[in-house]
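my_file-v1.txt, holding compact mmCIF, C-alpha atoms and all ligand atoms:
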# COMPACT_ATOMS: atom_id res chain seq x y z
CA MET A 58 0.00 0.00 0.00
CA ASP A 59 1.45 3.39 -0.88
CA THR A 60 1.83 6.16 1.67
CA VAL A 61 -1.22 8.15 0.55
CA ASN A 62 -3.49 5.09 0.78
CA GLU A 63 -1.95 4.10 4.08
CA ILE A 64 -2.83 7.51 5.51
CA ASN A 65 -6.31 7.72 3.97
CA SER A 66 -7.62 4.21 4.30
CA GLY A 67 -4.97 1.90 5.71
CA LYS A 68 -3.69 2.38 9.25
CA GLY A 69 -4.65 6.05 9.02
CA TYR A 70 -1.05 7.14 9.57
CA ALA A 71 2.36 6.57 8.06
CA ILE A 72 5.97 7.10 9.06
CA VAL A 73 7.53 9.29 6.41
CA LYS A 74 11.05 10.48 5.71
CA ILE A 75 11.68 14.20 5.41
CA GLU A 76 12.06 14.83 1.67
CA ASN A 77 14.11 17.94 2.15
CA LEU A 78 16.37 17.36 5.15
CA GLU A 79 18.53 20.44 4.54
CA ASN A 80 15.43 22.56 4.83
CA PHE A 81 14.52 20.93 8.09
CA ILE A 82 18.00 21.21 9.59
CA GLN A 83 17.87 24.93 8.83
CA LEU A 84 14.50 25.07 10.56
CA ARG A 85 16.00 23.47 13.66
CA LYS A 86 18.81 26.06 13.70
CA ASN A 87 16.26 28.88 13.43
CA PHE A 88 14.24 27.30 16.19
CA ILE A 89 17.28 27.23 18.51
CA LYS A 90 18.17 30.82 17.65
CA ASN A 91 14.62 32.08 18.16
CA LEU A 92 14.22 30.36 21.54
CA ASN A 93 16.75 32.90 22.79
CA ILE A 94 18.11 30.79 25.67
CA ASN A 95 21.81 31.62 25.22
CA SER A 96 22.35 28.94 22.63
CA ASN A 97 23.91 29.63 19.28
CA GLU A 98 22.14 28.09 16.32
CA ASP A 99 24.81 25.40 15.87
CA GLU A 100 24.50 24.12 19.40
CA ASP A 101 23.84 20.40 19.68
CA ILE A 102 20.13 19.72 20.00
CA ASP A 103 20.68 17.51 23.05
CA ILE A 104 22.38 20.39 24.89
CA VAL A 105 19.39 22.57 24.07
CA ARG A 106 17.07 19.82 25.31
CA GLU A 107 19.04 19.58 28.54
CA LYS A 108 18.77 23.33 29.10
CA ILE A 109 15.01 23.24 28.48
CA ALA A 110 14.64 20.29 30.84
CA LYS A 111 16.13 22.42 33.64
CA MET A 112 13.94 25.45 32.98
CA ASN A 113 10.93 26.28 35.14
CA LYS A 114 7.49 26.95 33.71
CA SER A 115 7.86 30.69 33.43
CA GLU A 116 11.22 30.37 31.65
CA ILE A 117 9.65 27.93 29.22
CA ASN A 118 6.75 30.31 28.65
CA LYS A 119 9.23 33.09 27.93
CA ALA A 120 11.01 30.90 25.37
CA MET A 121 7.66 30.04 23.78
CA ILE A 122 6.91 33.76 23.47
CA ASN A 123 10.32 34.32 21.89
CA LEU A 124 9.36 31.70 19.32
CA LEU A 125 6.49 33.88 18.12
CA LYS A 126 9.08 35.76 16.08
CA PHE A 127 9.63 32.60 14.09
CA ASN A 128 6.57 33.05 11.98
CA ASN A 129 6.95 30.90 8.88
CA LEU A 130 7.29 27.62 10.70
CA SER A 131 4.21 26.01 9.10
CA GLU A 132 5.44 26.78 5.58
CA ILE A 133 8.93 25.43 6.27
CA ILE A 134 7.54 22.19 7.69
CA LEU A 135 5.22 21.67 4.72
CA ASN A 136 8.07 22.41 2.35
CA SER A 137 10.01 19.60 3.98
CA PHE A 138 7.43 17.18 2.46
CA PRO A 139 6.41 18.87 -0.82
CA LYS A 140 5.72 15.70 -2.83
CA LEU A 141 3.61 13.95 -0.26
CA VAL A 142 1.66 17.07 0.72
CA LYS A 143 0.90 17.67 -2.97
CA GLN A 144 -0.24 14.06 -3.41
CA LEU A 145 -2.55 14.36 -0.42
CA CYS A 146 -4.02 17.81 -1.04
CA GLY A 147 -2.78 19.37 -4.27
CA GLU A 148 -0.78 22.60 -4.50
CA GLU A 149 -3.30 24.98 -3.07
CA LEU A 150 -3.62 24.55 0.65
CA LEU A 151 -5.15 25.90 3.79
CA ILE A 152 -2.56 25.54 6.52
CA GLN A 153 -2.48 26.10 10.24
CA ARG A 154 -1.41 29.72 10.63
CA ARG A 155 1.13 28.80 13.30
CA ALA A 156 2.58 25.32 13.69
CA THR A 157 2.33 24.00 17.24
CA VAL A 158 5.57 23.56 19.19
CA ILE A 159 5.46 21.09 22.05
CA MET A 160 8.23 20.96 24.64
CA ASN A 161 7.73 18.15 27.13
CA VAL A 162 9.88 18.52 30.20
CA PRO A 163 10.80 15.30 32.03
CA GLY A 164 9.75 14.54 35.57
CA LYS A 165 6.54 14.20 37.48
CA GLY A 166 3.51 15.82 35.97
CA GLN A 167 5.05 15.55 32.55
CA ALA A 168 2.45 15.96 29.86
CA LYS A 169 0.63 12.84 29.07
CA GLN A 170 -2.20 13.14 26.71
CA TRP A 171 -5.33 11.08 26.73
CA PRO A 172 -6.38 9.47 23.45
CA HIS A 173 -8.17 11.91 21.17
CA TYR A 174 -8.79 12.48 17.51
CA GLU A 175 -8.25 15.80 15.83
CA LEU A 176 -11.87 16.31 14.79
CA MET A 177 -12.59 16.94 18.47
CA SER A 178 -10.87 20.31 18.22
CA GLY A 179 -13.05 21.40 15.34
CA ILE A 180 -10.71 20.83 12.45
CA SER A 181 -12.28 19.58 9.23
CA PRO A 182 -12.39 15.90 8.25
CA PHE A 183 -10.22 16.83 5.24
CA THR A 184 -7.30 17.85 7.43
CA TYR A 185 -4.00 16.01 7.79
CA VAL A 186 -1.48 16.41 10.59
CA ILE A 187 2.30 16.20 10.41
CA TRP A 188 3.95 15.39 13.73
CA ILE A 189 7.71 15.75 13.71
CA PRO A 190 10.32 15.51 16.45
CA MET A 191 13.45 17.68 16.49
CA HIS A 192 15.69 14.76 17.48
CA ASP A 193 15.78 10.97 17.83
CA LEU A 194 13.07 9.93 20.26
CA GLU A 195 13.82 8.11 23.49
CA GLU A 196 11.85 4.94 24.09
CA ASN A 197 8.12 5.60 24.56
CA SER A 198 8.52 9.35 24.18
CA GLY A 199 6.64 9.65 20.91
CA VAL A 200 2.98 9.48 20.01
CA TYR A 201 0.92 6.31 19.94
CA PHE A 202 -1.76 5.75 17.33
CA VAL A 203 -4.78 3.49 17.19
CA GLU A 204 -5.26 2.08 13.71
CA LEU A 205 -8.00 3.70 11.65
CA GLU A 206 -10.45 0.80 11.62
CA LYS A 207 -10.26 0.42 15.38
CA SER A 208 -10.44 4.20 15.91
CA LEU A 209 -13.61 4.45 13.81
CA GLU A 210 -15.15 1.53 15.63
CA LEU A 211 -14.50 3.22 18.98
CA ILE A 212 -15.74 6.61 17.79
CA LYS A 213 -18.99 5.06 16.52
CA LYS A 214 -19.45 3.09 19.71
CA GLU A 215 -19.00 6.22 21.81
CA GLU A 216 -21.37 8.17 19.63
CA ALA A 217 -24.04 5.49 20.05
CA GLN A 218 -23.59 5.78 23.82
CA GLY A 219 -23.54 9.58 23.77
CA LEU A 220 -19.98 9.69 25.13
CA VAL A 221 -16.75 11.48 24.32
CA ASN A 222 -13.70 9.88 25.88
CA GLY A 223 -15.67 7.42 27.92
CA PRO A 224 -14.08 4.60 29.92
CA THR A 225 -13.17 2.43 26.89
CA VAL A 226 -11.11 5.20 25.33
CA LEU A 227 -9.56 6.44 28.56
CA ASN A 228 -8.58 2.92 29.63
CA MET A 229 -6.65 2.54 26.40
CA MET A 230 -3.93 4.82 27.73
CA SER A 231 -2.39 2.09 29.84
CA ASP A 232 -1.23 -0.31 27.16
CA GLN A 233 -0.09 1.88 24.30
CA LYS A 234 3.24 1.78 22.53
CA PRO A 235 4.39 5.06 20.96
CA VAL A 236 5.88 4.88 17.48
CA PRO A 237 9.69 5.15 17.65
CA LEU A 238 11.15 7.79 15.33
CA LYS A 239 14.62 8.99 14.40
CA PHE A 240 15.45 12.57 13.54
CA GLY A 241 14.55 12.97 9.88
CA GLU A 242 11.32 11.01 10.22
CA ALA A 243 7.79 12.21 10.87
CA ILE A 244 4.28 10.85 11.14
CA ILE A 245 1.45 12.04 8.95
CA PHE A 246 -2.03 11.06 10.06
CA ASN A 247 -5.66 11.67 9.27
CA PRO A 248 -8.02 13.38 11.72
CA PHE A 249 -10.04 10.25 12.58
CA VAL A 250 -7.15 8.38 14.15
CA LEU A 251 -7.03 8.24 17.94
CA HIS A 252 -3.64 9.17 19.35
CA GLY A 253 -1.93 10.41 22.52
CA ASN A 254 1.23 10.35 24.67
CA ILE A 255 2.30 8.32 27.68
CA GLN A 256 4.84 9.12 30.38
CA PHE A 257 8.44 8.35 29.52
CA LYS A 258 11.85 8.51 31.18
CA SER A 259 14.53 10.93 30.01
CA ASN A 260 16.70 13.73 31.33
CA LEU A 261 16.13 15.70 28.18
CA ALA A 262 13.09 17.67 27.08
CA ARG A 263 11.23 16.33 24.11
CA ILE A 264 10.70 18.88 21.36
CA ALA A 265 8.28 18.27 18.53
CA TYR A 266 6.26 20.26 16.04
CA ASN A 267 2.92 19.58 14.52
CA VAL A 268 1.09 21.33 11.75
CA ARG A 269 -2.31 20.85 10.14
CA PHE A 270 -3.15 21.31 6.49
CA GLN A 271 -5.90 20.57 3.98
CA SER A 272 -6.78 21.26 0.37
CA PHE A 273 -7.94 24.82 -0.34
CA LYS A 274 -10.79 23.25 -2.30
CA LYS A 275 -12.29 21.37 0.65
CA PRO A 276 -14.71 22.79 3.25
CA ILE A 277 -13.20 24.13 6.46
CA LEU A 278 -16.33 23.77 8.63
CA GLN A 279 -15.64 25.17 12.13
CA LYS A 280 -12.24 26.74 11.62
CA ASN A 281 -11.78 30.15 10.06
CA THR A 282 -8.96 32.43 9.00
CA ASP A 283 -7.92 33.01 12.62
CA TYR A 284 -6.63 29.47 12.45
CA LEU A 285 -5.96 28.87 8.77
CA LYS A 286 -4.19 30.69 6.00
CA TYR A 287 -3.90 30.16 2.26
CA TYR A 288 -0.62 28.75 1.06
CA LYS A 289 0.49 27.56 -2.35
CA LEU A 290 3.29 25.01 -2.44
CA ASN A 291 6.17 26.19 -4.58
FE FE B 301 -3.58 15.50 18.66
What is this file in structure tokens?
Amino acid sequence: MDTVNEINSGKGYAIVKIENLENFIQLRKNFIKNLNINSNEDEDIDIVREKIAKMNKSEINKAMINLLKFNNLSEIILNSFPKLVKQLCGEELLIQRRATVIMNVPGKGQAKQWPHYELMSGISPFTYVIWIPMHDLEENSGVYFVELEKSLELIKKEEAQGLVNGPTVLNMMSDQKPVPLKFGEAIIFNPFVLHGNIQFKSNLARIAYNVRFQSFKKPILQKNTDYLKYYKLN
């Protein structure tokens, strides 16, 4: 099964290689520079992760605000996968105005995310998500996915019971295995696939991006231009 079919009707997600790694390495340098935490852009990503892991919440918030200056993140990420994005959606896109940056700091209370599917946050059923770490992932530190058929079965079952994230879905958190990824790999998934994080052990912060995109020709439903912008792949 090819990647497009795998994402649309197979497992609902696929591990993909960055098509344009140079582009992405440059993005990582810009990310480090824009964080503004006394790191030069050539600093090793693991050193940056160690610094972030030692920061308190307000320091992390400050760094996140610094990142607002880095305002073409979504475009750079999409341009790291031009062929696949074009196969999925064509050249004319609606993209998330600002890609999401997630920095998970190790220790107690570390973000774990219950299983959810993207439609819950009002994005259209025509949307795809790229999730991409900035470094090799430690064991269990990535995202787990529930295959499409199973996800749909659970969603329909919950709908019939009038539930969202009822006991069946919440209990799934305990036995999930996140997908291992190396730097240079990403996951692209469709918005019906249940996914989430579990706790993991590391001394380093986990840094990942995600960005949502869809064809310009498809309906956007609940989202508007506060969230989306037009973008043509070059
Ligand atoms: Fe999500």
Exercise. Once you count only C-alpha atoms and all ligand atoms, which residues end up within 8 Å of ligand FE 301 (chain B), and could you hand them over as a ChimeraX atom specification?
Worked result: /A:173-175,252-253
Tell me, as a compact mmCIF listing (two decimals) with C-alpha atoms, in the coordinates of the input, which residues lie within 9 Å of segment 94-105 of chain A, counting all atoms listed in the file; anything in the same chain fewer than 3 positions away does not count.
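Result file around_25.txt:
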# COMPACT_ATOMS: atom_id res chain seq x y z
CA ARG A 85 16.00 23.47 13.66
CA LYS A 86 18.81 26.06 13.70
CA ASN A 87 16.26 28.88 13.43
CA PHE A 88 14.24 27.30 16.19
CA ILE A 89 17.28 27.23 18.51
CA LYS A 90 18.17 30.82 17.65
CA ASN A 91 14.62 32.08 18.16
CA LYS A 108 18.77 23.33 29.10
CA ILE A 109 15.01 23.24 28.48
CA ALA A 110 14.64 20.29 30.84
CA ALA A 120 11.01 30.90 25.37
CA MET A 191 13.45 17.68 16.49
CA HIS A 192 15.69 14.76 17.48
CA LEU A 261 16.13 15.70 28.18
CA ALA A 262 13.09 17.67 27.08
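Around Leu151 of chain A, within 8 Å and counting all atoms listed in the file, the residues found are Phe270, Gln271, Ser272, Phe273, Leu285, Lys286, Tyr287 and Tyr288 of chain A, once anything fewer than 6 positions away on its own chain is removed.
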Can I get the selection written as a compact mmCIF listing (two decimals), in the frame of the given file, with C-alpha atoms?
# COMPACT_ATOMS: atom_id res chain seq x y z
CA PHE A 270 -3.15 21.31 6.49
CA GLN A 271 -5.90 20.57 3.98
CA SER A 272 -6.78 21.26 0.37
CA PHE A 273 -7.94 24.82 -0.34
CA LEU A 285 -5.96 28.87 8.77
CA LYS A 286 -4.19 30.69 6.00
CA TYR A 287 -3.90 30.16 2.26
CA TYR A 288 -0.62 28.75 1.06
For this session: Quick one: pull the distance between atom CA of Val142 of chain A and atom CA of Asn128 of chain A, Å, one decimal.
Result: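 Value for the atom CA of Val142 of chain A-atom CA of Asn128 of chain A distance: 20.2 Å.
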Once you count only C-alpha atoms, what closest atom pair and distance in Å to one decimal does each residue of segment 120-177 of chain A within 9 Å of segment 223-236 of chain A have, with rows by chain and rising residue number, as a tab-separated table?
residue	atom	partner	partner_atom	distance
A:Gln170	CA	A:Met230	CA	8.6
A:Trp171	CA	A:Met230	CA	6.5
A:Pro172	CA	A:Val226	CA	6.6
A:His173	CA	A:Val226	CA	8.4
Store the residues of this selection in a file with C-alpha atoms, as a tab-separated table (two decimals), keeping the file's coordinate frame.
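The result, stored in selection-v8.tsv:
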chain	number	residue	atom	x	y	z
A	170	GLN	CA	-2.20	13.14	26.71
A	171	TRP	CA	-5.33	11.08	26.73
A	172	PRO	CA	-6.38	9.47	23.45
A	173	HIS	CA	-8.17	11.91	21.17
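For segment 240-244 of chain A, the set of protein, DNA and RNA residues having any atom at most 6 Å away, when counting only C-alpha atoms and skipping those fewer than 5 positions along the same chain, is Ala71, Ile72, Val73, Lys74, Ile75, Ile187, Trp188, Ile189, His192 and Asp193 of chain A.
Take atom CA of Glu148 of chain A and atom CA of Glu132 of chain A: the distance between them is 12.6 Å.
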Can you check which parts of segment 238-261 of chain A lie within 12 Å of segment 158-162 of chain A? Per residue, the shortest pair of atoms and distance in Å to one decimal, counting all atoms listed in the file, sorted by chain and number, as a tab-separated table.
residue	atom	partner	partner_atom	distance
A:Asn254	CA	A:Asn161	CA	10.4
A:Ile255	CA	A:Asn161	CA	11.2
A:Gln256	CA	A:Asn161	CA	10.0
A:Phe257	CA	A:Asn161	CA	10.1
A:Lys258	CA	A:Val162	CA	10.2
A:Ser259	CA	A:Val162	CA	8.9
A:Asn260	CA	A:Val162	CA	8.4
A:Leu261	CA	A:Val162	CA	7.1
For this session: Give the answer as one residue: which of A:Met112, A:Leu205, A:Ala156, A:Gly147 has the shortest atom-to-atom distance to Phe127 of chain A, using all atoms listed in the file?
Result: A:Ala156
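Computed from the coordinates, the atom CA of Pro190 of chain A to atom CA of Val221 of chain A distance equals 28.5 Å.
Closest approach to Val268 of chain A from the set A:Ile122, A:Gly199, A:Phe183, A:Ile152 is made by A:Ile152, with distances taken over only C-alpha atoms.
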Exercise. For Asn197 of chain A, which of A:Leu238, A:Cys146, A:Gly219, A:Met177 is the closest residue, counting only C-alpha atoms?
Worked result: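 Closest residue, counting only C-alpha atoms: A:Leu238.
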For this session: Could you check which of A:Leu176, A:Leu92, A:Leu141, A:Leu278 is closest to Val61 of chain A, using only C-alpha atoms?
Result: A:Leu141
Exercise. Nearest to Arg269 of chain A among A:Thr282, A:Ser131, A:Asn222, A:Ser178, with distances taken over only C-alpha atoms: which residue is it?
Worked result: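 Nearest candidate to Arg269 of chain A out of A:Thr282, A:Ser131, A:Asn222, A:Ser178: A:Ser131.
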Export of segment 126-151 of chain A: C-alpha atoms, as a compact mmCIF listing (two decimals), in the first residue's frame:
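Below you can see result.txt, which holds the result:
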# COMPACT_ATOMS: atom_id res chain seq x y z
CA LYS A 126 9.08 35.76 16.08
CA PHE A 127 9.63 32.60 14.09
CA ASN A 128 6.57 33.05 11.98
CA ASN A 129 6.95 30.90 8.88
CA LEU A 130 7.29 27.62 10.70
CA SER A 131 4.21 26.01 9.10
CA GLU A 132 5.44 26.78 5.58
CA ILE A 133 8.93 25.43 6.27
CA ILE A 134 7.54 22.19 7.69
CA LEU A 135 5.22 21.67 4.72
CA ASN A 136 8.07 22.41 2.35
CA SER A 137 10.01 19.60 3.98
CA PHE A 138 7.43 17.18 2.46
CA PRO A 139 6.41 18.87 -0.82
CA LYS A 140 5.72 15.70 -2.83
CA LEU A 141 3.61 13.95 -0.26
CA VAL A 142 1.66 17.07 0.72
CA LYS A 143 0.90 17.67 -2.97
CA GLN A 144 -0.24 14.06 -3.41
CA LEU A 145 -2.55 14.36 -0.42
CA CYS A 146 -4.02 17.81 -1.04
CA GLY A 147 -2.78 19.37 -4.27
CA GLU A 148 -0.78 22.60 -4.50
CA GLU A 149 -3.30 24.98 -3.07
CA LEU A 150 -3.62 24.55 0.65
CA LEU A 151 -5.15 25.90 3.79
